[in-house]
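Data file: model-v1.cif. Format and content: mmCIF, C-alpha atoms and all ligand atoms.
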data_run
loop_
_atom_site.label_atom_id
_atom_site.label_comp_id
_atom_site.auth_asym_id
_atom_site.auth_seq_id
_atom_site.Cartn_x
_atom_site.Cartn_y
_atom_site.Cartn_z
CA MET A 261 67.24 99.58 89.56
CA GLY A 262 64.45 102.12 89.08
CA TYR A 263 63.95 105.64 90.30
CA GLU A 264 60.33 106.42 91.10
CA VAL A 265 61.18 110.08 91.26
CA LYS A 266 64.19 111.40 89.40
CA GLU A 267 66.16 113.21 92.10
CA SER A 268 68.20 114.95 89.48
CA TYR A 269 69.34 114.61 85.93
CA GLN A 270 72.77 113.70 87.30
CA ASP A 271 71.26 110.67 89.03
CA TRP A 272 69.56 109.70 85.79
CA LEU A 273 72.69 110.11 83.70
CA TRP A 274 74.80 108.16 86.18
CA GLU A 275 72.18 105.45 86.32
CA LYS A 276 72.41 105.02 82.56
CA LEU A 277 76.21 105.10 82.61
CA GLY A 278 76.23 102.73 85.59
CA GLU A 279 73.97 100.24 83.83
CA ARG A 280 76.32 100.17 80.83
CA CYS A 281 79.27 99.74 83.12
CA ILE A 282 77.67 96.89 85.10
CA LYS A 283 76.74 95.05 81.91
CA ASN A 284 80.31 95.23 80.62
CA LEU A 285 81.90 94.37 83.97
CA ASN A 286 79.68 91.29 84.17
CA LYS A 287 80.71 90.36 80.62
CA HIS A 288 84.31 90.55 81.84
CA GLY A 289 83.67 88.03 84.62
CA PHE A 290 83.18 90.43 87.51
CA ASP A 291 80.15 90.16 89.78
CA ALA A 292 78.93 93.75 89.34
CA HIS A 293 76.07 95.63 91.00
CA LEU A 294 74.66 99.16 90.85
CA VAL A 295 72.92 100.50 93.97
CA ARG A 296 71.54 103.87 95.01
CA THR A 297 72.66 104.19 98.61
CA VAL A 298 75.47 103.40 100.99
CA GLU A 299 73.00 101.35 103.06
CA GLU A 300 72.13 99.15 100.07
CA ALA A 301 75.84 98.64 99.41
CA ARG A 302 76.45 97.69 103.04
CA ASP A 303 73.63 95.12 103.04
CA LEU A 304 74.89 93.65 99.80
CA ILE A 305 78.43 93.32 101.15
CA MET A 306 77.28 91.80 104.44
CA GLY A 307 75.29 89.22 102.46
CA MET A 308 78.06 88.32 100.06
CA THR A 309 80.69 87.98 102.78
CA ASP A 310 78.63 86.00 105.25
CA GLY A 311 80.72 83.07 106.44
CA PHE A 312 84.07 84.77 105.93
CA GLU A 313 86.22 85.30 109.03
CA SER A 314 89.11 87.57 108.07
CA PHE A 315 88.89 90.89 106.23
CA GLY A 316 91.42 93.35 104.89
CA PHE A 317 90.65 96.99 104.16
CA GLY A 318 92.60 99.00 101.63
CA GLY A 319 93.38 102.65 102.29
CA SER A 320 90.00 103.85 101.13
CA ASP A 321 87.61 106.48 102.45
CA THR A 322 84.77 104.94 100.45
CA THR A 323 84.88 101.48 102.05
CA ARG A 324 85.16 103.04 105.49
CA SER A 325 82.14 105.26 104.90
CA LEU A 326 79.83 102.26 104.49
CA GLY A 327 79.81 101.13 108.12
CA VAL A 328 80.90 97.64 107.03
CA MET A 329 83.99 97.62 109.20
CA GLU A 330 81.97 98.47 112.33
CA GLU A 331 79.42 95.78 111.50
CA LEU A 332 82.12 93.16 110.97
CA LYS A 333 83.78 94.09 114.27
CA LYS A 334 80.43 93.66 116.05
CA ARG A 335 80.25 90.17 114.60
CA GLY A 336 83.71 89.36 115.96
CA LYS A 337 85.47 89.14 112.60
CA THR A 338 89.22 89.67 112.21
CA ILE A 339 90.02 93.01 110.55
CA HIS A 340 93.36 93.96 108.99
CA ASP A 341 93.30 97.76 108.89
CA HIS A 342 96.52 99.75 108.46
CA TRP A 343 94.69 103.03 109.15
CA GLN A 344 94.53 102.23 112.89
CA GLN A 345 96.15 104.83 115.12
CA GLY A 346 99.49 104.23 116.79
CA LEU A 347 100.87 101.42 114.63
CA THR A 348 104.61 100.95 114.47
CA LYS A 349 106.21 100.70 111.02
CA GLU A 350 106.57 96.94 111.50
CA GLU A 351 102.93 96.52 112.53
CA ASP A 352 101.81 98.59 109.55
CA LEU A 353 103.82 96.37 107.21
CA GLU A 354 102.52 93.18 108.82
CA ILE A 355 98.92 94.34 108.40
CA ARG A 356 99.48 95.27 104.75
CA LEU A 357 100.90 91.77 104.16
CA ARG A 358 97.93 90.13 105.88
CA GLN A 359 95.51 92.16 103.76
CA GLY A 360 96.73 90.06 100.86
CA ARG A 361 96.03 86.72 102.55
CA CYS A 362 92.58 86.91 104.04
CA ASP A 363 89.10 85.68 103.20
CA CYS A 364 87.95 89.00 101.81
CA PHE A 365 89.66 92.23 100.81
CA LEU A 366 87.58 95.40 100.55
CA CYS A 367 88.79 98.45 98.70
CA SER A 368 87.76 101.13 96.27
CA ALA A 369 88.95 101.79 92.72
CA ASN A 370 90.53 104.94 91.37
CA ALA A 371 88.55 104.64 88.17
CA VAL A 372 86.18 102.24 86.46
CA SER A 373 85.46 102.37 82.74
CA ALA A 374 81.95 101.94 81.39
CA THR A 375 83.58 99.52 78.95
CA GLY A 376 84.28 97.22 81.93
CA GLU A 377 87.85 97.77 83.16
CA ILE A 378 89.05 98.72 86.64
CA VAL A 379 92.03 101.08 87.01
CA ASN A 380 94.08 101.68 90.13
CA VAL A 381 97.20 103.54 91.05
CA ASP A 382 99.21 102.73 94.15
CA GLY A 383 102.36 103.89 95.85
CA ILE A 384 103.21 100.81 97.92
CA GLY A 385 101.25 98.16 96.04
CA ASN A 386 99.56 96.30 98.89
CA ARG A 387 96.15 97.27 97.50
CA THR A 388 96.89 96.50 93.87
CA ASN A 389 98.42 93.15 94.91
CA ALA A 390 95.55 92.21 97.22
CA MET A 391 92.99 93.05 94.51
CA THR A 392 94.34 90.45 92.15
CA PHE A 393 95.76 87.47 94.03
CA GLY A 394 95.92 85.96 97.51
CA ASN A 395 92.43 86.53 98.87
CA LYS A 396 89.38 84.34 98.32
CA LYS A 397 87.24 87.32 97.50
CA VAL A 398 87.68 90.99 96.66
CA VAL A 399 84.93 93.57 96.96
CA ILE A 400 85.52 96.85 95.13
CA VAL A 401 83.18 99.73 96.01
CA ALA A 402 83.09 102.96 94.04
CA GLY A 403 80.91 106.02 93.68
CA MET A 404 79.64 106.80 90.19
CA ASN A 405 81.92 109.85 90.15
CA LYS A 406 84.73 107.36 89.44
CA VAL A 407 83.17 105.90 86.31
CA ALA A 408 84.61 107.11 83.01
CA GLN A 409 83.26 106.41 79.53
CA ASP A 410 86.16 104.23 78.44
CA LEU A 411 89.59 102.94 79.45
CA GLU A 412 91.38 106.03 78.20
CA GLY A 413 89.01 108.19 80.23
CA ALA A 414 89.64 106.04 83.31
CA LEU A 415 93.41 106.41 82.94
CA THR A 416 92.97 110.16 82.50
CA ARG A 417 90.81 110.30 85.61
CA VAL A 418 93.52 108.57 87.62
CA ARG A 419 96.10 111.13 86.49
CA GLU A 420 93.96 114.26 86.58
CA VAL A 421 91.67 113.66 89.54
CA ALA A 422 92.56 110.72 91.78
CA GLY A 423 96.32 111.33 91.93
CA PRO A 424 96.30 115.05 92.78
CA MET A 425 93.40 114.73 95.22
CA ARG A 426 94.93 111.78 97.03
CA ALA A 427 98.32 113.50 97.22
CA LYS A 428 96.66 116.62 98.64
CA SER A 429 94.61 114.63 101.16
CA LEU A 430 97.72 112.84 102.40
CA GLY A 431 99.63 116.11 102.76
CA MET A 432 102.26 114.98 100.27
CA GLU A 433 104.90 117.39 99.04
CA THR A 434 104.28 116.73 95.37
CA PRO A 435 103.80 119.24 92.54
CA CYS A 436 100.16 118.19 92.09
CA ALA A 437 99.38 118.92 95.73
CA GLU A 438 100.36 122.53 94.98
CA THR A 439 99.03 123.05 91.46
CA GLY A 440 96.28 120.43 91.13
CA LEU A 441 97.98 119.19 87.96
CA CYS A 442 99.91 115.99 87.47
CA SER A 443 103.40 116.56 86.07
CA ASP A 444 104.47 112.89 86.09
CA CYS A 445 106.75 113.98 88.89
CA ASN A 446 109.94 112.55 90.31
CA SER A 447 109.08 113.65 93.82
CA PRO A 448 110.32 111.34 96.61
CA GLN A 449 106.73 111.47 97.88
CA ARG A 450 105.22 110.51 94.52
CA ILE A 451 102.21 108.31 95.28
CA CYS A 452 101.64 107.09 91.70
CA ARG A 453 104.17 104.31 91.28
CA ILE A 454 102.10 101.34 90.18
CA THR A 455 99.16 101.41 87.78
CA THR A 456 97.03 98.31 87.33
CA ILE A 457 94.20 97.56 84.93
CA LEU A 458 91.85 94.68 85.64
CA HIS A 459 90.79 93.92 82.07
CA ARG A 460 89.00 90.76 83.16
CA LYS A 461 88.34 89.05 86.50
CA PRO A 462 91.65 87.59 87.72
CA MET A 463 91.67 83.84 87.03
CA ILE A 464 91.33 82.46 90.54
CA THR A 465 90.05 85.43 92.53
CA ASP A 466 86.37 86.16 92.91
CA VAL A 467 85.83 89.93 92.43
CA SER A 468 82.60 91.80 93.12
CA VAL A 469 82.18 95.43 92.09
CA ILE A 470 79.54 97.63 93.72
CA LEU A 471 78.86 101.00 92.14
CA ILE A 472 76.91 103.47 94.26
CA ASN A 473 74.98 106.17 92.42
CA GLN A 474 76.55 108.93 94.50
CA THR A 475 79.76 110.93 94.76
CA LEU A 476 82.09 109.04 97.07
CA GLY A 477 85.83 109.40 97.57
CA PHE A 478 88.21 110.41 94.82
S1 LIG A 501 102.74 111.48 89.44
FE1 LIG A 501 103.33 113.04 90.94
S2 LIG A 501 102.38 114.91 90.21
FE2 LIG A 501 101.35 113.23 89.17
S3 LIG A 501 99.54 112.80 90.42
FE3 LIG A 501 101.19 111.40 91.06
S4 LIG A 501 102.18 112.43 92.78
FE4 LIG A 501 100.98 113.96 91.66
#
Entire entry expressed as structure tokens:
Amino acid sequence: MGYEVKESYQDWLWEKLGERCIKNLNKHGFDAHLVRTVEEARDLIMGMTDGFESFGFGGSDTTRSLGVMEELKKRGKTIHDHWQQGLTKEEDLEIRLRQGRCDCFLCSANAVSATGEIVNVDGIGNRTNAMTFGNKKVVIVAGMNKVAQDLEGALTRVREVAGPMRAKSLGMETPCAETGLCSDCNSPQRICRITTILHRKPMITDVSVILINQTLGF
């Protein structure tokens, strides 16, 4: 990927970090890509999922911002999306289960390390399950704001950035949603209950990672 004009030093720095990250993710068996725009990411995803019929979407703002879901609907594909309005509790649960047994699951990551690991934290676990087993393919999309220098940095990011921001965005009554700081709480509404690290590509699941050189999600 080359920038003819450097939009900013941030773009340049992220490009360098992203290139390191892609190289290490590929070494770890992931199919990793770095792109500049949401449109490039969408085209890449549409190409790599051509021929698949059923798709699950994790609870992610990033994947929904790409326009992939709309494009798939236009093509008549089956979408399992638990963010639809008006679902009963049972329907919500059924959709989350189906997200783990479809042709392709799309989600974001809470953090990616430039050393080639993918870190996620979940409350229910449908996303962390679906990312590792049960689907033919998983596509993980993340903005470069989620890339940390190493695994320790990625775990710190999950605790210091992703957790509090997600709790706030969901209107949770957790300490971090008040203070912006994680206190490893015991709140009934705690959203950080399961942390997973993909050190290598899961044995029988094909995982693509697309990093976009922009700030997307948290
Ligand atoms: S553990 Fe609790 S305080 Fe920490 S980020 Fe998660 S919800 Fe917030």
Check: Can you tell me, as a list in words, which residues sit within 8 Å of (82.7, 95.8, 80.5) in the file's frame, using all atoms listed in the file?
Finding: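 These residues have at least one counted atom within 8 Å: Arg280, Cys281, Ile282, Lys283, Asn284, Leu285, Asn286, Lys287, His288, Ser373, Ala374, Thr375, Gly376 and Glu377 of chain A.
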Note to self: What's the separation between atom S2 of ligand LIG 501 (chain A) and CA of Leu366 (chain A), in Å to one decimal place?
What the structure shows: 26.6 Å
Using 5 Å of padding on each side, determine the axis-aligned box around all atoms of ligand LIG 501 (chain A) present in the file and give its centre and edge lengths in Å to one decimal, as lines of an AutoDock Vina configuration file.
center_x = 101.4
center_y = 113.2
center_z = 91.0
size_x = 13.8
size_y = 13.5
size_z = 13.6
Margin query: Env of Val398 (chain A): 9 Å cut, atoms = all atoms listed in the file, seq-sep filter 3 positions within chain, self excluded. Answer as a ChimeraX atom specification.
Written below: /A:363-367,390-392,395,465-469
Next item on the list: Counting all atoms listed in the file, figure out which residue out of A:Met306, A:Leu458, A:Ile451, A:Ile378 gets nearest to Leu430 (chain A).
Entry: A:Ile451
Next item on the list: Show me which residues sit within 10 Å of ligand LIG 501 (chain A) when counting all atoms listed in the file, and put them as an MDAnalysis selection string.
Entry: chainID A and resid 381:383 418:428 432:453
Notebook entry, point to check: If we count only C-alpha atoms, what is near Leu353 (chain A) at a cut-off of 12 Å, once residues fewer than 3 positions away on the same chain are taken out, given as a list in words?
Noted result: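 My reading of the contact set: His340, Asp341, His342, Trp343, Leu347, Thr348, Lys349, Glu350, Arg356, Leu357, Arg358, Gln359, Gly360, Ile384, Gly385 and Asn386 of chain A.
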Next item on the list: May I ask for the distance between CA of Lys406 (chain A) and CA of Ala371 (chain A), given in Å to one decimal place?
Entry: 4.9 Å
Notebook entry, point to check: A:Gly431, A:Gly413, A:Gly403, A:Pro462: which is nearest Thr322 (chain A), counting only C-alpha atoms?
Noted result: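 With only C-alpha atoms as the atom set, the closest residue is A:Gly403.
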Note to self: Can you measure CA of Gly278 (chain A) to CA of Phe317 (chain A) for me? One decimal in Å is fine.
What the structure shows: 24.2 Å
Checklist line | For Phe312 (chain A), the nearest of the candidates A:Lys337, A:Arg460, A:Arg387, A:His293, counting all atoms listed in the file | finding: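 Among A:Lys337, A:Arg460, A:Arg387, A:His293, it is A:Lys337 that comes nearest to Phe312 (chain A).
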Next item on the list: Check the smallest atom-to-atom distance from each of A:Cys362, A:Ile400, A:Leu411, A:Leu332 to His459 (chain A) using only C-alpha atoms, then report the winner.
Entry: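 Of A:Cys362, A:Ile400, A:Leu411, A:Leu332, the one nearest His459 (chain A), counting only C-alpha atoms, is A:Leu411.
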